[in-house]
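J.: Contents of work-v3.cif (mmCIF, C-alpha atoms and all ligand atoms) are given next:
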```
data_protein
loop_
_atom_site.label_atom_id
_atom_site.label_comp_id
_atom_site.auth_asym_id
_atom_site.auth_seq_id
_atom_site.Cartn_x
_atom_site.Cartn_y
_atom_site.Cartn_z
CA PHE A 1 115.36 108.81 175.00
CA ARG A 2 116.08 110.25 178.42
CA ASP A 3 118.54 108.04 180.40
CA ARG A 4 119.34 105.98 177.30
CA LYS A 5 122.81 105.81 175.77
CA LEU A 6 122.64 106.12 172.02
CA ILE A 7 125.13 106.01 169.17
CA CYS A 8 123.96 108.08 166.18
CA GLN A 9 125.15 107.63 162.61
CA ILE A 10 124.31 109.84 159.63
CA ILE A 11 124.30 107.90 156.37
CA PRO A 12 124.11 109.77 153.01
CA PHE A 13 121.10 108.76 150.94
CA GLU A 14 120.03 109.52 147.35
CA ASN A 15 119.09 113.10 146.29
CA ARG A 16 121.33 114.65 148.95
CA ARG A 17 119.10 113.33 151.67
CA GLN A 18 120.47 111.63 154.76
CA ILE A 19 119.35 108.83 157.07
CA LEU A 20 119.88 109.08 160.81
CA VAL A 21 120.51 105.66 162.40
CA THR A 22 120.49 105.33 166.18
CA HIS A 23 121.72 102.33 168.16
CA ASP A 24 120.56 101.95 171.75
CA VAL A 25 123.68 100.74 173.61
CA THR A 26 122.34 101.31 177.16
CA GLU A 27 122.42 97.58 178.00
CA THR A 28 125.91 97.04 176.53
CA VAL A 29 127.27 99.99 178.53
CA ARG A 30 125.58 98.73 181.72
CA ILE A 31 127.07 95.23 181.34
CA GLU A 32 130.50 96.72 180.63
CA GLU A 33 130.25 98.89 183.78
CA MET A 34 129.23 95.87 185.89
CA ARG A 35 132.18 93.87 184.53
CA ARG A 36 134.57 96.73 185.32
CA ASP A 37 133.18 97.13 188.85
CA PHE A 38 133.46 93.39 189.46
CA ILE A 39 137.11 93.28 188.39
CA ALA A 40 137.94 96.35 190.49
CA ASN A 41 136.19 94.91 193.57
CA ALA A 42 137.69 91.43 193.15
CA SER A 43 141.21 92.85 192.73
CA HIS A 44 140.77 95.00 195.82
CA GLU A 45 139.45 92.06 197.88
CA LEU A 46 142.41 89.89 196.85
CA ARG A 47 144.99 92.65 197.30
CA THR A 48 144.20 93.16 201.00
CA PRO A 49 145.12 89.62 202.22
CA LEU A 50 148.02 89.45 199.78
CA THR A 51 149.48 92.68 201.22
CA VAL A 52 149.42 91.11 204.71
CA ILE A 53 151.10 87.90 203.50
CA VAL A 54 153.83 89.73 201.55
CA GLY A 55 154.43 92.07 204.51
CA PHE A 56 155.07 89.20 206.92
CA LEU A 57 157.22 87.34 204.39
CA GLU A 58 159.39 90.45 204.05
CA ILE A 59 159.75 90.68 207.84
CA ALA A 60 160.62 86.97 208.02
CA SER A 61 163.32 87.26 205.37
CA SER A 62 164.91 90.49 206.70
CA ASP A 63 164.70 90.12 210.49
CA MET A 64 166.72 87.08 211.60
CA MET A 65 166.25 87.89 215.30
CA ILE A 66 162.53 87.19 215.27
CA ASP A 67 161.52 85.01 218.25
CA ALA A 68 159.59 81.75 217.91
CA GLU A 69 156.39 83.14 219.43
CA THR A 70 156.24 86.12 217.02
CA ARG A 71 157.07 83.85 214.11
CA ALA A 72 154.20 81.52 215.07
CA ALA A 73 151.81 84.50 215.31
CA HIS A 74 152.88 85.76 211.86
CA LEU A 75 152.45 82.28 210.35
CA LYS A 76 148.95 82.06 211.85
CA LEU A 77 147.97 85.43 210.33
CA MET A 78 149.42 84.49 206.95
CA THR A 79 147.52 81.19 206.97
CA GLU A 80 144.25 83.01 207.80
CA GLN A 81 144.78 85.47 204.95
CA GLY A 82 145.66 82.62 202.58
CA HIS A 83 142.40 80.89 203.49
CA ARG A 84 140.53 84.15 202.89
CA MET A 85 141.98 84.32 199.38
CA GLN A 86 140.99 80.69 198.78
CA ARG A 87 137.39 81.38 199.87
CA LEU A 88 137.19 84.42 197.58
CA ILE A 89 138.55 82.52 194.58
CA GLU A 90 136.25 79.52 195.22
CA ASP A 91 133.19 81.82 195.37
CA MET A 92 134.26 83.76 192.25
CA LEU A 93 134.68 80.49 190.33
CA THR A 94 131.30 79.23 191.55
CA LEU A 95 129.63 82.47 190.41
CA SER A 96 131.24 82.41 187.00
CA ARG A 97 130.22 78.75 186.53
CA LEU A 98 126.63 79.54 187.51
CA GLU A 99 126.49 82.29 184.88
CA SER A 100 128.15 80.30 182.12
CA VAL A 101 126.09 78.96 179.22
CA ASP A 102 128.56 76.05 179.03
CA TYR A 103 127.45 74.88 182.46
CA PRO A 104 123.80 73.86 182.07
CA LEU A 105 121.71 72.89 185.07
CA ARG A 106 121.80 69.14 185.71
CA ARG A 107 118.51 68.17 187.25
CA GLU A 108 117.99 65.11 189.43
CA ARG A 109 115.49 64.07 192.10
CA VAL A 110 116.57 65.88 195.26
CA ASP A 111 115.76 64.27 198.62
CA MET A 112 114.82 67.44 200.50
CA ARG A 113 114.62 65.83 203.93
CA ALA A 114 118.22 64.61 203.63
CA LEU A 115 119.35 67.96 202.21
CA VAL A 116 117.76 70.02 205.00
CA GLU A 117 119.20 67.66 207.65
CA GLU A 118 122.66 68.09 206.15
CA ILE A 119 122.28 71.90 206.21
CA LEU A 120 121.00 71.77 209.79
CA GLY A 121 124.09 69.74 210.83
CA GLU A 122 126.42 72.23 209.16
CA ALA A 123 124.65 75.23 210.74
CA ARG A 124 124.88 73.63 214.20
CA ALA A 125 128.57 72.89 213.68
CA LEU A 126 129.21 76.50 212.63
CA SER A 127 127.25 77.82 215.62
CA GLY A 128 129.13 75.60 218.07
CA GLY A 129 126.16 75.60 220.46
CA ARG A 130 125.85 79.40 220.61
CA HIS A 131 122.35 79.40 219.05
CA THR A 132 119.15 77.38 219.13
CA ILE A 133 118.71 75.96 215.64
CA GLY A 134 115.80 73.84 214.43
CA ALA A 135 114.42 72.59 211.11
CA THR A 136 111.08 71.37 209.74
CA VAL A 137 110.39 69.63 206.42
CA ASP A 138 106.83 69.70 205.03
CA GLY A 139 107.48 70.34 201.33
CA PRO A 140 107.93 67.87 198.46
CA ASP A 141 111.13 66.63 196.87
CA VAL A 142 112.15 68.64 193.79
CA ASN A 143 113.85 68.20 190.44
CA GLY A 144 116.99 70.27 190.55
CA SER A 145 120.70 70.26 191.19
CA ALA A 146 121.33 68.88 194.69
CA GLU A 147 124.80 70.42 194.72
CA GLU A 148 123.58 73.90 193.80
CA LEU A 149 120.58 73.84 196.14
CA ARG A 150 122.83 72.63 198.98
CA SER A 151 125.17 75.54 198.33
CA ALA A 152 122.34 78.13 198.11
CA PHE A 153 120.35 76.94 201.15
CA GLY A 154 123.59 76.35 203.08
CA ASN A 155 124.65 79.94 202.42
CA LEU A 156 121.34 81.26 203.82
CA ALA A 157 121.68 79.07 206.93
CA SER A 158 125.30 80.02 207.54
CA ASN A 159 124.46 83.73 207.12
CA ALA A 160 121.75 83.35 209.78
CA VAL A 161 124.35 81.89 212.17
CA ARG A 162 126.98 84.52 211.30
CA TYR A 163 124.63 87.48 211.72
CA THR A 164 122.86 86.32 214.88
CA PRO A 165 124.45 87.09 218.24
CA GLU A 166 124.98 84.35 220.79
CA GLY A 167 121.78 83.11 222.43
CA GLY A 168 119.60 83.84 219.36
CA SER A 169 117.45 81.36 217.45
CA ILE A 170 117.40 80.21 213.85
CA ALA A 171 114.60 78.27 212.15
CA LEU A 172 115.05 76.42 208.86
CA ALA A 173 111.91 75.26 207.06
CA TRP A 174 111.20 73.49 203.78
CA ARG A 175 107.55 74.24 203.00
CA ASP A 176 105.02 73.84 200.25
CA GLY A 177 102.83 76.72 199.10
CA PRO A 178 100.42 77.71 196.32
CA GLY A 179 103.23 79.27 194.26
CA GLY A 180 105.63 76.37 194.81
CA PRO A 181 107.89 75.03 197.54
CA ARG A 182 110.23 77.31 199.48
CA PHE A 183 113.16 77.16 201.87
CA VAL A 184 112.70 79.71 204.66
CA VAL A 185 115.45 80.77 207.04
CA THR A 186 114.35 82.96 209.94
CA ASP A 187 116.74 84.39 212.51
CA THR A 188 116.58 86.65 215.54
CA GLY A 189 119.83 88.33 214.48
CA ILE A 190 121.08 91.84 213.83
CA GLY A 191 118.60 92.43 210.99
CA ILE A 192 119.06 94.72 208.00
CA ASP A 193 117.92 98.29 207.46
CA GLN A 194 115.36 98.59 204.61
CA SER A 195 117.68 100.83 202.58
CA HIS A 196 120.13 97.92 202.06
CA ILE A 197 117.73 95.09 201.25
CA SER A 198 117.41 95.59 197.47
CA ARG A 199 121.22 95.60 197.06
CA LEU A 200 122.16 92.54 199.17
CA THR A 201 122.45 90.14 196.22
CA GLU A 202 124.94 92.41 194.41
CA ARG A 203 128.46 91.01 194.36
CA PHE A 204 130.60 92.26 197.26
CA TYR A 205 127.76 94.35 198.71
CA ARG A 206 127.95 94.19 202.51
CA VAL A 207 126.13 96.21 205.15
CA ASP A 208 129.10 96.04 207.52
CA LYS A 209 132.40 95.06 205.93
CA SER A 210 134.26 94.36 209.14
CA ARG A 211 131.54 92.11 210.54
CA SER A 212 131.42 90.18 207.27
CA ARG A 213 135.22 89.70 207.34
CA GLU A 214 135.35 88.71 211.01
CA THR A 215 132.90 85.92 210.27
CA LYS A 216 134.83 84.78 207.17
CA GLY A 217 132.44 86.32 204.63
CA THR A 218 133.34 86.95 200.99
CA GLY A 219 130.43 89.22 200.08
CA LEU A 220 129.46 86.77 197.32
CA GLY A 221 127.16 84.37 199.20
CA LEU A 222 123.84 85.99 198.35
CA ALA A 223 124.91 86.58 194.72
CA ILE A 224 125.47 82.81 194.50
CA VAL A 225 122.07 82.14 196.12
CA LYS A 226 120.35 84.47 193.62
CA HIS A 227 121.98 82.79 190.60
CA VAL A 228 121.19 79.25 191.78
CA LEU A 229 117.53 80.21 192.27
CA LEU A 230 117.36 81.97 188.89
CA ARG A 231 118.75 78.86 187.17
CA HIS A 232 116.01 76.82 188.85
CA GLY A 233 113.28 79.30 187.81
CA GLY A 234 112.91 80.61 191.37
CA ASN A 235 113.74 83.79 193.27
CA LEU A 236 114.83 85.12 196.66
CA SER A 237 112.72 87.36 198.86
CA ILE A 238 114.01 89.07 201.98
CA THR A 239 112.17 90.67 204.89
CA SER A 240 114.07 92.13 207.78
CA GLU A 241 114.01 94.62 210.60
CA ALA A 242 117.20 96.15 211.96
CA GLY A 243 117.90 94.92 215.49
CA LYS A 244 115.15 92.27 215.37
CA GLY A 245 116.01 89.65 212.76
CA SER A 246 115.53 88.54 209.18
CA SER A 247 113.72 86.07 206.99
CA PHE A 248 115.23 84.86 203.73
CA ILE A 249 112.82 82.96 201.48
CA ALA A 250 114.15 80.90 198.58
CA ASN A 251 111.14 80.29 196.31
CA LEU A 252 111.17 77.48 193.75
CA PRO A 253 108.58 77.08 191.01
CA GLY A 254 105.70 74.65 191.61
CA GLY A 255 104.78 71.57 189.56
P1 LIG B 301 128.91 87.97 203.31
O1 LIG B 301 129.98 87.03 202.94
O2 LIG B 301 129.41 89.36 203.59
O3 LIG B 301 128.04 87.46 204.43
P2 LIG B 301 126.58 87.68 201.57
O4 LIG B 301 126.46 87.92 200.11
O5 LIG B 301 126.25 86.32 202.08
O6 LIG B 301 128.04 88.14 201.98
O7 LIG B 301 125.62 88.72 202.32
C1 LIG B 301 125.70 90.10 201.97
C2 LIG B 301 125.40 90.96 203.19
O8 LIG B 301 124.04 90.79 203.58
C3 LIG B 301 126.21 90.61 204.42
O9 LIG B 301 127.49 91.21 204.42
C4 LIG B 301 125.32 91.15 205.53
O10 LIG B 301 125.53 92.54 205.68
C5 LIG B 301 123.92 90.94 204.98
N1 LIG B 301 123.27 89.71 205.50
C6 LIG B 301 123.17 88.52 204.89
N2 LIG B 301 122.47 87.64 205.63
C7 LIG B 301 122.11 88.30 206.76
C8 LIG B 301 121.35 87.93 207.94
N3 LIG B 301 120.82 86.72 208.10
N4 LIG B 301 121.19 88.89 208.89
C9 LIG B 301 121.70 90.14 208.74
N5 LIG B 301 122.41 90.53 207.66
C10 LIG B 301 122.62 89.63 206.68
#
```
Turn this file's structure into structure tokens for me.
T.:
Amino acid sequence: FRDRKLICQIIPFENRRQILVTHDVTETVRIEEMRRDFIANASHELRTPLTVIVGFLEIASSDMMIDAETRAAHLKLMTEQGHRMQRLIEDMLTLSRLESVDYPLRRERVDMRALVEEILGEARALSGGRHTIGATVDGPDVNGSAEELRSAFGNLASNAVRYTPEGGSIALAWRDGPGGPRFVVTDTGIGIDQSHISRLTERFYRVDKSRSRETKGTGLGLAIVKHVLLRHGGNLSITSEAGKGSSFIANLPGG
């Protein structure tokens, strides 16, 4: 019973004997801890931009002598922080929908060529010509949710752009394989140290918080990717080397 959390109950039985009943509540406690951590992290993430917005609003309402240029700069910062809160809330709602039993997966025939082209266009727009980005499509169409797969594969592609310095390359590929088709995103970016890899799909887990924020990250992208793949019966595998680049492989089941 080492490492297990147990609740023990002693129940009187006939002839002055007793029965010892144990309940293993390890899983319940773990889920409760995860829920608590999530609420604490989410509140903290939302409090930071809100503090900035409230701060500038207080300045605006107390200091009448503020010049037009400063006012414009404050409004710009408040708008950025407002958008950050919107992104966080959108991603939190997406995650909670993906986990909800009331939101079953709606499968349809997904045109993978069109989907990959759409993701390639978005990645190029995000890069603004700072990277070389290409895509190949050799795999079959699949039965799944086009909306969810677009969001998952799009997250992997946008991460590759966000974590690859200017001049780097990114390759998107939809391939078939013996275990099933897969979407592979390879970049020549900053890479990830091995010690972080197993934790990347945890909510709000980031290797470098300030880099994630600068590039408009919420820390929820890979958690969304993981849930979409799980719902489709697939999984995510990650290989990376710090300073060299990464490969994110979204595996879907075959057949
Ligand atoms: P974020 O919004 O912070 O990018 P994600 O959940 O998408 O959140 O990713 C979690 C973390 O994984 C990132 O903060 C970053 O440290 C790391 N990461 C994700 N994709 C890459 C990549 N292609 N190259 C290097 N690091 C990455």
J.: Measure the distance from atom CA of Arg206 of chain A to atom CA of Trp174 of chain A in Å and round it to one decimal.
T.: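 Between these atoms lies a distance of 26.7 Å.
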J.: Using only C-alpha atoms for the distances, tell me which of A:His232, A:Arg4, A:Lys76, A:Arg30 is nearest to Ala152 of chain A.
T.: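 Among A:His232, A:Arg4, A:Lys76, A:Arg30, it is A:His232 that comes nearest to Ala152 of chain A.
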J.: May I have a table of the residues of chain A lying at most 9 Å from ligand LIG 301 (chain B), giving each one's closest pair of atoms and their distance in Å to one decimal, counting all atoms listed in the file, ordered by chain and ascending residue number, as JSON lines?
T.:
```
{"residue": "A:Asn155", "atom": "CA", "partner": "B:LIG301", "partner_atom": "O5", "distance": 6.6}
{"residue": "A:Leu156", "atom": "CA", "partner": "B:LIG301", "partner_atom": "N2", "distance": 6.7}
{"residue": "A:Ala157", "atom": "CA", "partner": "B:LIG301", "partner_atom": "N3", "distance": 7.8}
{"residue": "A:Ser158", "atom": "CA", "partner": "B:LIG301", "partner_atom": "N3", "distance": 8.1}
{"residue": "A:Asn159", "atom": "CA", "partner": "B:LIG301", "partner_atom": "N2", "distance": 4.6}
{"residue": "A:Ala160", "atom": "CA", "partner": "B:LIG301", "partner_atom": "N3", "distance": 3.9}
{"residue": "A:Val161", "atom": "CA", "partner": "B:LIG301", "partner_atom": "N3", "distance": 7.2}
{"residue": "A:Arg162", "atom": "CA", "partner": "B:LIG301", "partner_atom": "N3", "distance": 7.3}
{"residue": "A:Tyr163", "atom": "CA", "partner": "B:LIG301", "partner_atom": "N4", "distance": 4.7}
{"residue": "A:Thr164", "atom": "CA", "partner": "B:LIG301", "partner_atom": "N4", "distance": 6.7}
{"residue": "A:Val185", "atom": "CA", "partner": "B:LIG301", "partner_atom": "N3", "distance": 8.1}
{"residue": "A:Thr186", "atom": "CA", "partner": "B:LIG301", "partner_atom": "N3", "distance": 7.7}
{"residue": "A:Asp187", "atom": "CA", "partner": "B:LIG301", "partner_atom": "N3", "distance": 6.4}
{"residue": "A:Thr188", "atom": "CA", "partner": "B:LIG301", "partner_atom": "N4", "distance": 8.4}
{"residue": "A:Gly189", "atom": "CA", "partner": "B:LIG301", "partner_atom": "N4", "distance": 5.8}
{"residue": "A:Ile190", "atom": "CA", "partner": "B:LIG301", "partner_atom": "C9", "distance": 5.4}
{"residue": "A:Gly191", "atom": "CA", "partner": "B:LIG301", "partner_atom": "C9", "distance": 4.5}
{"residue": "A:Ile192", "atom": "CA", "partner": "B:LIG301", "partner_atom": "C9", "distance": 5.3}
{"residue": "A:Asp193", "atom": "CA", "partner": "B:LIG301", "partner_atom": "N5", "distance": 9.0}
{"residue": "A:His196", "atom": "CA", "partner": "B:LIG301", "partner_atom": "O8", "distance": 8.3}
{"residue": "A:Ile197", "atom": "CA", "partner": "B:LIG301", "partner_atom": "O8", "distance": 8.0}
{"residue": "A:Arg199", "atom": "CA", "partner": "B:LIG301", "partner_atom": "O8", "distance": 8.6}
{"residue": "A:Leu200", "atom": "CA", "partner": "B:LIG301", "partner_atom": "O8", "distance": 5.1}
{"residue": "A:Thr201", "atom": "CA", "partner": "B:LIG301", "partner_atom": "O4", "distance": 6.0}
{"residue": "A:Glu202", "atom": "CA", "partner": "B:LIG301", "partner_atom": "O4", "distance": 7.4}
{"residue": "A:Arg203", "atom": "CA", "partner": "B:LIG301", "partner_atom": "O4", "distance": 6.8}
{"residue": "A:Phe204", "atom": "CA", "partner": "B:LIG301", "partner_atom": "O4", "distance": 6.6}
{"residue": "A:Tyr205", "atom": "CA", "partner": "B:LIG301", "partner_atom": "C1", "distance": 5.7}
{"residue": "A:Arg206", "atom": "CA", "partner": "B:LIG301", "partner_atom": "O9", "distance": 3.6}
{"residue": "A:Val207", "atom": "CA", "partner": "B:LIG301", "partner_atom": "O10", "distance": 3.8}
{"residue": "A:Asp208", "atom": "CA", "partner": "B:LIG301", "partner_atom": "O10", "distance": 5.3}
{"residue": "A:Lys209", "atom": "CA", "partner": "B:LIG301", "partner_atom": "O9", "distance": 6.4}
{"residue": "A:Ser210", "atom": "CA", "partner": "B:LIG301", "partner_atom": "O9", "distance": 8.8}
{"residue": "A:Arg211", "atom": "CA", "partner": "B:LIG301", "partner_atom": "O9", "distance": 7.4}
{"residue": "A:Ser212", "atom": "CA", "partner": "B:LIG301", "partner_atom": "O2", "distance": 4.3}
{"residue": "A:Arg213", "atom": "CA", "partner": "B:LIG301", "partner_atom": "O2", "distance": 6.9}
{"residue": "A:Thr215", "atom": "CA", "partner": "B:LIG301", "partner_atom": "O3", "distance": 7.8}
{"residue": "A:Lys216", "atom": "CA", "partner": "B:LIG301", "partner_atom": "O1", "distance": 6.8}
{"residue": "A:Gly217", "atom": "CA", "partner": "B:LIG301", "partner_atom": "O1", "distance": 3.1}
{"residue": "A:Thr218", "atom": "CA", "partner": "B:LIG301", "partner_atom": "O1", "distance": 3.9}
{"residue": "A:Gly219", "atom": "CA", "partner": "B:LIG301", "partner_atom": "O6", "distance": 3.2}
{"residue": "A:Leu220", "atom": "CA", "partner": "B:LIG301", "partner_atom": "O4", "distance": 4.3}
{"residue": "A:Gly221", "atom": "CA", "partner": "B:LIG301", "partner_atom": "O5", "distance": 3.6}
{"residue": "A:Leu222", "atom": "CA", "partner": "B:LIG301", "partner_atom": "O4", "distance": 3.7}
{"residue": "A:Ala223", "atom": "CA", "partner": "B:LIG301", "partner_atom": "O4", "distance": 5.8}
{"residue": "A:Ile224", "atom": "CA", "partner": "B:LIG301", "partner_atom": "O4", "distance": 7.7}
{"residue": "A:Val225", "atom": "CA", "partner": "B:LIG301", "partner_atom": "O4", "distance": 8.3}
{"residue": "A:Ser240", "atom": "CA", "partner": "B:LIG301", "partner_atom": "N4", "distance": 7.9}
{"residue": "A:Ala242", "atom": "CA", "partner": "B:LIG301", "partner_atom": "C9", "distance": 8.2}
{"residue": "A:Gly245", "atom": "CA", "partner": "B:LIG301", "partner_atom": "N4", "distance": 6.5}
{"residue": "A:Ser246", "atom": "CA", "partner": "B:LIG301", "partner_atom": "N4", "distance": 5.7}
{"residue": "A:Ser247", "atom": "CA", "partner": "B:LIG301", "partner_atom": "N3", "distance": 7.2}
{"residue": "A:Phe248", "atom": "CA", "partner": "B:LIG301", "partner_atom": "N3", "distance": 7.3}
```
J.: With only C-alpha atoms counted, which protein, DNA or RNA residues have an atom no more than 8 Å from (115.0, 64.9, 194.5) in the file frame? Please answer as a compact mmCIF listing (two decimals) with C-alpha atoms, in the coordinates of the input.
T.:
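Final output, part07.txt:
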```txt
# COMPACT_ATOMS: atom_id res chain seq x y z
CA GLU A 108 117.99 65.11 189.43
CA ARG A 109 115.49 64.07 192.10
CA VAL A 110 116.57 65.88 195.26
CA ASP A 111 115.76 64.27 198.62
CA MET A 112 114.82 67.44 200.50
CA ASP A 141 111.13 66.63 196.87
CA VAL A 142 112.15 68.64 193.79
CA ASN A 143 113.85 68.20 190.44
CA GLY A 144 116.99 70.27 190.55
CA ALA A 146 121.33 68.88 194.69
```
J.: List as a list in words the protein and nucleic acid residues near Glu99 of chain A, meaning an atom at most 12 Å away when all atoms listed in the file are counted, but skip any in the same chain fewer than 3 places from it.
T.: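 Result of the neighbour search: Met92, Leu93, Thr94, Leu95, Ser96, Asp102, Tyr103, Pro104, Leu105, Ala223, Ile224, Lys226, His227, Val228, Leu229, Leu230 and Arg231 of chain A.
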J.: Given only C-alpha atoms as the basis, pick out the residue of A:Arg106, A:Arg150, A:Arg175, A:Arg84 nearest to Glu214 of chain A.
T.: A:Arg84
J.: To one decimal in Å, tell me the separation between atom CA of Met78 of chain A and atom CA of Phe56 of chain A.
T.: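 Going from atom CA of Met78 of chain A over to atom CA of Phe56 of chain A, I get 7.4 Å.
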J.: Could you list, as a VMD selection string, every residue within 12 Å of Asp176 of chain A, counting all atoms listed in the file and ignoring same-chain residues fewer than 3 positions away?
T.: chain A and resid 112 136 to 142 173 179 to 184 250 to 255
J.: Go through A:Arg87, A:Leu77, A:Arg107, A:Glu69 one by one, measure the shortest atom-to-atom distance of each to Leu46 of chain A using only C-alpha atoms, and give the residue with the smallest value.
T.: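 Selected residue with least distance to Leu46 of chain A: A:Arg87.
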J.: Quick one, how far is atom CA of Ser145 of chain A from atom CA of Ala114 of chain A?
T.: 13.9 Å
J.: Taking all atoms of segment 58-73 of chain A that appear in the file, build a box with edges along x, y and z, extend it by 3 Å on every side, and state its centre and edge lengths in Å to one decimal, as AutoDock Vina command-line options.
T.:
```
--center_x 159.3 --center_y 86.1 --center_z 211.7 --size_x 20.9 --size_y 15.2 --size_z 21.4
```
J.: Out of A:Phe153, A:Gly168, A:Ser61, A:Arg113, which residue has the shortest atom-to-atom distance to Arg130 of chain A when counting only C-alpha atoms?
T.: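 Distance minimum relative to Arg130 of chain A lands on A:Gly168.
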J.: Determine the nearest neighbour of Gly121 of chain A from the options A:Asp24, A:Leu88, A:Gly154, A:Glu32, counting all atoms listed in the file.
T.: A:Gly154
J.: Go ahead and find all residues with at least one atom no further than 7 Å from (116.1, 73.5, 211.9) in the file's coordinates, using only C-alpha atoms; report them as a ChimeraX atom specification.
T.: /A:120,133-136,171-173
J.: Grab the residues selected above and save them as an mmCIF file, keeping the file's coordinate frame with C-alpha atoms.
T.:
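Contents of out22.cif, freshly written:
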```
data_model
loop_
_atom_site.group_PDB
_atom_site.id
_atom_site.type_symbol
_atom_site.label_atom_id
_atom_site.label_comp_id
_atom_site.auth_asym_id
_atom_site.auth_seq_id
_atom_site.Cartn_x
_atom_site.Cartn_y
_atom_site.Cartn_z
ATOM 1 C CA LEU A 120 121.000 71.770 209.790
ATOM 2 C CA ILE A 133 118.710 75.960 215.640
ATOM 3 C CA GLY A 134 115.800 73.840 214.430
ATOM 4 C CA ALA A 135 114.420 72.590 211.110
ATOM 5 C CA THR A 136 111.080 71.370 209.740
ATOM 6 C CA ALA A 171 114.600 78.270 212.150
ATOM 7 C CA LEU A 172 115.050 76.420 208.860
ATOM 8 C CA ALA A 173 111.910 75.260 207.060
#
```
